$ cat protein_31.csv   # CSV, C-alpha atoms
chain,number,residue,atom,x,y,z
K,29,MET,CA,181.6,103.1,-27.4
K,30,ASP,CA,179.2,100.4,-28.6
K,31,VAL,CA,180.7,96.9,-28.4
K,32,ARG,CA,179.8,96.2,-32.0
K,33,VAL,CA,181.4,99.4,-33.2
K,34,PHE,CA,184.6,98.6,-31.2
K,35,VAL,CA,184.8,95.1,-32.7
K,36,LEU,CA,184.2,96.4,-36.2
K,37,VAL,CA,186.8,99.2,-36.0
K,38,SER,CA,189.4,96.9,-34.3
K,39,SER,CA,188.9,94.1,-36.7
K,40,ALA,CA,189.1,96.5,-39.7
K,41,SER,CA,192.3,98.0,-38.2
K,42,ALA,CA,193.8,94.5,-37.7
K,43,GLY,CA,193.1,93.6,-41.3
K,44,LEU,CA,194.5,96.9,-42.6
K,45,TRP,CA,197.8,96.5,-40.6
K,46,LEU,CA,198.1,92.9,-41.6
K,47,GLY,CA,197.8,94.0,-45.2
K,48,VAL,CA,200.4,96.7,-44.6
K,49,PHE,CA,202.8,94.1,-43.2
K,50,LEU,CA,202.2,91.4,-45.9
K,51,ILE,CA,201.7,93.5,-49.0
K,52,LEU,CA,202.3,97.3,-48.8
K,53,VAL,CA,205.7,97.4,-47.0
K,54,PRO,CA,207.3,94.6,-49.0
K,55,ARG,CA,206.3,96.1,-52.4
K,56,LEU,CA,207.3,99.6,-51.4
K,57,SER,CA,210.6,98.3,-49.9
K,58,VAL,CA,211.5,96.5,-53.1
K,59,MET,CA,210.9,99.6,-55.2
K,60,LEU,CA,212.6,102.1,-52.8
K,61,PHE,CA,215.4,100.1,-51.1
K,62,PRO,CA,217.5,97.8,-53.4
K,63,GLY,CA,219.1,96.2,-50.4
K,64,TYR,CA,215.8,94.9,-49.2
K,65,LYS,CA,216.1,91.8,-51.5
K,66,LEU,CA,219.5,91.1,-50.0
K,67,LEU,CA,218.1,90.7,-46.5
K,68,THR,CA,217.6,87.3,-45.0
K,69,ARG,CA,213.9,86.1,-44.7
K,70,GLY,CA,214.1,86.8,-41.0
K,71,ASP,CA,215.4,90.3,-41.4
K,72,ARG,CA,212.8,91.1,-44.0
K,73,LEU,CA,210.1,90.1,-41.5
K,74,ILE,CA,211.7,92.4,-38.9
K,75,TRP,CA,212.0,95.2,-41.6
K,76,ASN,CA,208.3,94.9,-42.5
K,77,ASN,CA,207.3,94.9,-38.8
K,78,LYS,CA,209.5,97.9,-38.1
K,79,VAL,CA,208.1,99.9,-41.0
K,80,MET,CA,204.5,99.0,-39.9
K,81,SER,CA,205.3,100.1,-36.4
K,82,VAL,CA,206.7,103.4,-37.6
K,83,LEU,CA,203.5,104.1,-39.6
K,84,ASN,CA,201.3,103.3,-36.6
K,85,ALA,CA,203.3,105.4,-34.2
K,86,VAL,CA,203.2,108.4,-36.5
K,87,LEU,CA,199.5,108.1,-37.0
K,88,THR,CA,198.6,107.4,-33.4
K,89,GLY,CA,201.0,110.0,-32.0
K,90,THR,CA,199.9,112.8,-34.4
K,91,VAL,CA,196.2,112.2,-33.7
K,92,ALA,CA,196.8,112.1,-29.9
K,93,ILE,CA,198.8,115.3,-29.9
K,94,VAL,CA,196.2,117.2,-31.9
K,95,ALA,CA,193.3,115.8,-29.7
K,96,LEU,CA,195.2,116.6,-26.5
K,97,ILE,CA,195.9,120.2,-27.5
K,98,TRP,CA,192.6,121.0,-29.2
K,99,GLU,CA,190.1,118.9,-27.2
K,100,GLU,CA,191.3,117.3,-24.0
K,101,LEU,CA,193.3,120.2,-22.4
K,102,PRO,CA,190.4,122.7,-22.9
K,103,LYS,CA,188.0,120.1,-21.2
K,104,LEU,CA,190.4,119.8,-18.3
K,105,TYR,CA,190.5,123.5,-17.6
K,106,ASN,CA,186.8,124.0,-18.2
K,107,GLY,CA,185.6,121.3,-15.7
K,108,MET,CA,184.5,118.9,-18.5
K,109,LEU,CA,187.1,116.2,-17.9
K,110,TRP,CA,184.6,113.3,-17.8
K,111,VAL,CA,183.3,114.1,-21.3
K,112,ASP,CA,185.0,111.5,-23.3
K,113,SER,CA,186.5,112.1,-26.7
K,114,SER,CA,185.1,109.9,-29.6
K,115,VAL,CA,188.4,110.7,-31.5
K,116,ILE,CA,190.4,109.1,-28.7
K,117,HIS,CA,188.0,106.1,-28.5
K,118,TYR,CA,188.3,105.4,-32.2
K,119,THR,CA,192.1,105.9,-32.2
K,120,ALA,CA,192.4,103.5,-29.3
K,121,SER,CA,190.2,101.0,-31.1
K,122,THR,CA,192.3,101.1,-34.2
K,123,ASN,CA,195.4,100.8,-32.0
K,124,VAL,CA,194.0,97.5,-30.6
K,125,GLY,CA,193.9,96.2,-34.1
K,126,TYR,CA,197.5,97.1,-34.6
K,127,LEU,CA,198.6,95.7,-31.2
K,128,LEU,CA,196.9,92.4,-31.9
K,129,VAL,CA,198.7,92.0,-35.3
K,130,ASP,CA,202.0,93.1,-33.8
K,131,THR,CA,201.7,90.7,-30.8
K,132,ALA,CA,200.8,87.8,-33.2
K,133,LEU,CA,203.9,88.6,-35.3
K,134,LEU,CA,206.2,88.8,-32.3
K,135,LEU,CA,204.9,85.5,-30.9
K,136,ARG,CA,205.1,83.8,-34.3
K,137,ASN,CA,208.7,85.0,-35.0
K,138,PRO,CA,211.0,84.3,-32.0
K,139,GLY,CA,213.7,86.6,-33.4
K,140,MET,CA,211.4,89.5,-33.1
K,141,THR,CA,210.1,88.8,-29.6
K,142,ASP,CA,210.9,91.1,-26.8
K,143,PRO,CA,209.2,90.3,-23.4
K,144,GLY,CA,209.1,93.9,-22.4
K,145,ILE,CA,207.3,94.9,-25.6
K,146,LEU,CA,204.8,92.0,-25.2
K,147,LEU,CA,204.1,93.0,-21.6
K,148,HIS,CA,203.6,96.6,-22.8
K,149,HIS,CA,201.2,95.5,-25.5
K,150,LEU,CA,199.2,93.4,-23.1
K,151,ILE,CA,198.8,96.2,-20.5
K,152,ILE,CA,197.6,98.6,-23.3
K,153,VAL,CA,195.1,96.2,-24.7
K,154,VAL,CA,193.6,95.4,-21.3
K,155,CYS,CA,193.4,99.0,-20.4
K,156,ILE,CA,191.7,100.0,-23.7
K,157,LEU,CA,189.2,97.1,-23.4
K,158,ALA,CA,188.4,98.1,-19.8
K,159,LYS,CA,187.9,101.7,-20.7
K,160,ILE,CA,185.9,101.4,-24.0
K,161,LEU,CA,183.8,98.3,-23.3
K,162,LEU,CA,183.3,98.7,-19.5
K,163,ASP,CA,183.9,102.4,-19.0
K,164,PHE,CA,186.3,101.2,-16.3
K,165,GLY,CA,189.1,103.7,-16.5
K,166,PRO,CA,190.2,107.3,-16.5
K,167,PRO,CA,188.8,110.0,-18.8
K,168,THR,CA,190.2,110.2,-22.3
K,169,PHE,CA,192.5,113.1,-21.3
K,170,PHE,CA,194.7,110.5,-19.7
K,171,ASN,CA,194.4,108.1,-22.6
K,172,ALA,CA,195.5,110.9,-24.9
K,173,MET,CA,198.6,111.6,-22.8
K,174,ARG,CA,199.5,107.9,-23.0
K,175,MET,CA,199.1,107.9,-26.8
K,176,VAL,CA,201.3,110.9,-27.2
K,177,GLN,CA,204.1,108.6,-25.9
K,178,GLU,CA,204.0,106.9,-29.3
K,179,ALA,CA,205.7,109.9,-30.8
K,180,SER,CA,209.1,108.6,-29.7
K,181,ASN,CA,208.6,105.2,-31.3
K,182,PRO,CA,209.5,106.0,-35.0
K,183,PHE,CA,213.1,106.9,-34.0
K,184,LEU,CA,213.4,103.7,-32.1
K,185,HIS,CA,212.5,101.6,-35.1
K,186,LEU,CA,214.5,103.8,-37.5
K,187,ARG,CA,217.7,102.7,-35.6
K,188,TRP,CA,217.2,99.1,-36.8
K,189,LEU,CA,216.1,100.1,-40.3
K,190,LEU,CA,219.1,102.4,-40.8
K,191,ALA,CA,221.5,99.7,-39.7
K,192,ALA,CA,219.7,97.1,-41.9
K,193,ALA,CA,219.9,99.6,-44.9
K,194,GLY,CA,223.7,99.7,-44.5
K,195,VAL,CA,224.0,103.0,-42.7
K,196,SER,CA,227.1,103.0,-40.5
K,197,ARG,CA,226.5,103.3,-36.8
K,198,ASN,CA,229.2,106.0,-36.8
K,199,SER,CA,227.5,108.1,-39.4
K,200,ARG,CA,226.0,111.4,-38.6
K,201,LEU,CA,222.5,110.2,-39.7
K,202,TYR,CA,222.5,107.2,-37.4
K,203,VAL,CA,223.9,109.1,-34.4
K,204,THR,CA,221.5,112.0,-34.9
K,205,ASN,CA,218.5,109.6,-35.0
K,206,GLY,CA,219.7,107.9,-31.8
K,207,LEU,CA,220.0,111.3,-30.0
K,208,VAL,CA,216.6,112.4,-31.3
K,209,PHE,CA,215.2,109.1,-30.1
K,210,ALA,CA,216.6,109.5,-26.6
K,211,ALA,CA,215.4,113.1,-26.4
K,212,SER,CA,211.9,112.3,-27.7
K,213,PHE,CA,211.6,109.4,-25.3
K,214,LEU,CA,212.4,111.6,-22.3
K,215,LEU,CA,210.2,114.4,-23.6
K,216,CYS,CA,207.1,112.2,-24.4
K,217,ARG,CA,207.4,109.6,-21.7
K,218,ILE,CA,209.3,110.8,-18.7
K,219,LEU,CA,208.9,114.6,-18.4
K,220,PRO,CA,205.1,114.4,-18.4
K,221,ILE,CA,205.1,111.9,-15.5
K,222,PRO,CA,204.8,114.5,-12.6
K,223,TYR,CA,202.0,116.4,-14.4
K,224,TYR,CA,200.2,113.2,-15.3
K,225,TRP,CA,200.3,111.9,-11.7
K,226,THR,CA,199.3,115.2,-10.2
K,227,GLN,CA,196.1,115.3,-12.3
K,228,SER,CA,195.5,111.5,-11.9
K,229,LEU,CA,195.9,111.5,-8.1
K,230,GLN,CA,193.5,114.5,-7.8
K,231,LEU,CA,190.9,112.5,-9.6
K,232,ILE,CA,191.6,109.1,-8.0
K,233,THR,CA,191.4,110.5,-4.5
K,234,SER,CA,188.1,112.4,-5.1
K,235,PRO,CA,184.9,111.0,-3.5
K,236,GLN,CA,183.0,111.2,-6.8
K,237,THR,CA,185.6,109.0,-8.5
K,238,TYR,CA,185.4,106.4,-5.7
K,239,VAL,CA,181.6,106.3,-6.0
K,240,ARG,CA,181.9,105.8,-9.7
K,241,PHE,CA,184.6,103.0,-9.7
K,242,GLY,CA,184.9,101.6,-6.3
K,243,ALA,CA,188.1,100.3,-4.7
K,244,VAL,CA,188.7,97.6,-7.4
K,245,GLY,CA,188.4,100.1,-10.2
K,246,LEU,CA,190.6,102.7,-8.6
K,247,GLY,CA,193.1,99.9,-7.8
K,248,PHE,CA,193.1,98.8,-11.4
K,249,TRP,CA,193.6,102.3,-12.6
K,250,PHE,CA,196.5,103.0,-10.1
K,251,ILE,CA,198.3,99.7,-10.8
K,252,ALA,CA,198.1,100.1,-14.6
K,253,ASP,CA,199.6,103.6,-14.4
K,254,LEU,CA,202.4,102.3,-12.1
K,255,LEU,CA,203.2,99.6,-14.6
K,256,PHE,CA,203.2,101.9,-17.5
K,257,ASP,CA,205.5,104.4,-15.9
K,258,GLY,CA,207.6,101.8,-14.3
K,259,ILE,CA,208.4,100.2,-17.7
K,260,ASN,CA,209.0,103.7,-19.2
K,261,CYS,CA,211.5,104.6,-16.4
K,262,PHE,CA,213.2,101.3,-16.8
K,263,TRP,CA,213.6,101.8,-20.5
K,264,ALA,CA,214.7,105.4,-19.9
K,265,VAL,CA,217.6,104.3,-17.8
K,266,LYS,CA,218.7,101.8,-20.4
K,267,ILE,CA,218.4,104.3,-23.2
K,268,CYS,CA,220.3,107.1,-21.4
K,269,SER,CA,223.0,104.6,-20.4
K,270,GLY,CA,223.3,103.2,-23.9
K,271,THR,CA,223.3,106.7,-25.4
K,272,TYR,CA,226.1,107.8,-23.1
K,273,LYS,CA,228.2,104.8,-23.8
K,274,PHE,CA,227.6,105.1,-27.5
K,275,MET,CA,228.6,108.8,-27.6
K,276,LYS,CA,231.6,108.1,-25.4
K,277,THR,CA,233.1,105.4,-27.6
K,278,ARG,CA,231.9,106.2,-31.2
K,279,LYS,CA,233.4,108.7,-33.6
K,280,LEU,CA,231.4,110.4,-36.3
K,281,GLU,CA,232.4,109.6,-39.8
$ encode --input "protein_31.csv" --output "structure tokens"
Amino acid sequence: MDVRVFVLVSSASAGLWLGVFLILVPRLSVMLFPGYKLLTRGDRLIWNNKVMSVLNAVLTGTVAIVALIWEELPKLYNGMLWVDSSVIHYTASTNVGYLLVDTALLLRNPGMTDPGILLHHLIIVVCILAKILLDFGPPTFFNAMRMVQEASNPFLHLRWLLAAAGVSRNSRLYVTNGLVFAASFLLCRILPIPYYWTQSLQLITSPQTYVRFGAVGLGFWFIADLLFDGINCFWAVKICSGTYKFMKTRKLE
């Protein structure tokens, strides 16, 4: 992708998501959720951020799933893996805009800051910049598989939103959302790991890939993937442990 196009798309995306955070979400929340006005200023900021994150995750996850099924998998099995997808490039560029806005909001509001999320954002932005601007990364098939992981995020943010809206943590709605989140996290982020690494290692260890990227490029690719899946596995253990304890001690209302 041309650098100017990338900067234009990412900047437009950042402006759009900032507008969603500052204008769209607050206005819709006031109209649709009477309790929004009763939240503290800090909680309203978190609410706006969570809703923005849900919208981004739904958009990114949906586009990635469609692109993976209809474009990337056929390329994989037809020997056209290195033919990059413009859909994935543009989706990744818009995601950079969102990540920059979300990172700025997290840093500006200490109550929203999570070191794990910030590290996750940083790794994604670096990998996208390396791929799109330097062509220094795996084919878009692997980028699409990473983006599919966003499909679990809406349920994560809905947990906080439901609690803030006054939904009891023992209610069927809250418990069901928590179980769906745990299941979707495992389905989108953990179960694909063996398949992802099987395909990735086949490519990384091929002579053609070494000629294209060299030792530094392959090392960057390998370490980035290890960090991604290391973070995902760490979160998976916490989520499964928390879900088990929650279901063991809570009673449905």
$ residues_around --input "protein_31.csv" --residues "region 274-276 of chain K" --least-positions-apart "6" --cutoff "10 Å" --atoms "all atoms listed in the file" --output "PyMOL selection string"
chain K and resi 197-198+203+206-207+268
$ closest_residue --input "protein_31.csv" --among "K:Thr226, K:Asn137, K:Thr122, K:Ser41" --to "Leu73 (chain K)" --atoms "all atoms listed in the file"
K:Asn137
$ axis_aligned_box --input "protein_31.csv" --around "region 68-72 of chain K" --padding-each-side "3 Å" --output "AutoDock Vina command-line options"
--center_x 215.2 --center_y 88.6 --center_z -43.0 --size_x 10.8 --size_y 11.0 --size_z 10.0
$ residues_near_point --input "protein_31.csv" --point "(199.8, 97.2, -32.7)" --cutoff "9 Å" --atoms "only C-alpha atoms" --output "PyMOL selection string"
chain K and resi 42+45+80-81+84+122-131+149
$ closest_residue --input "protein_31.csv" --among "K:Phe262, K:Tyr105, K:Tyr202, K:Phe213" --to "Ser180 (chain K)" --atoms "all atoms listed in the file"
K:Phe213
$ closest_residue --input "protein_31.csv" --among "K:Lys266, K:Arg174, K:His185, K:Arg240" --to "Asn76 (chain K)" --atoms "only C-alpha atoms"
K:His185
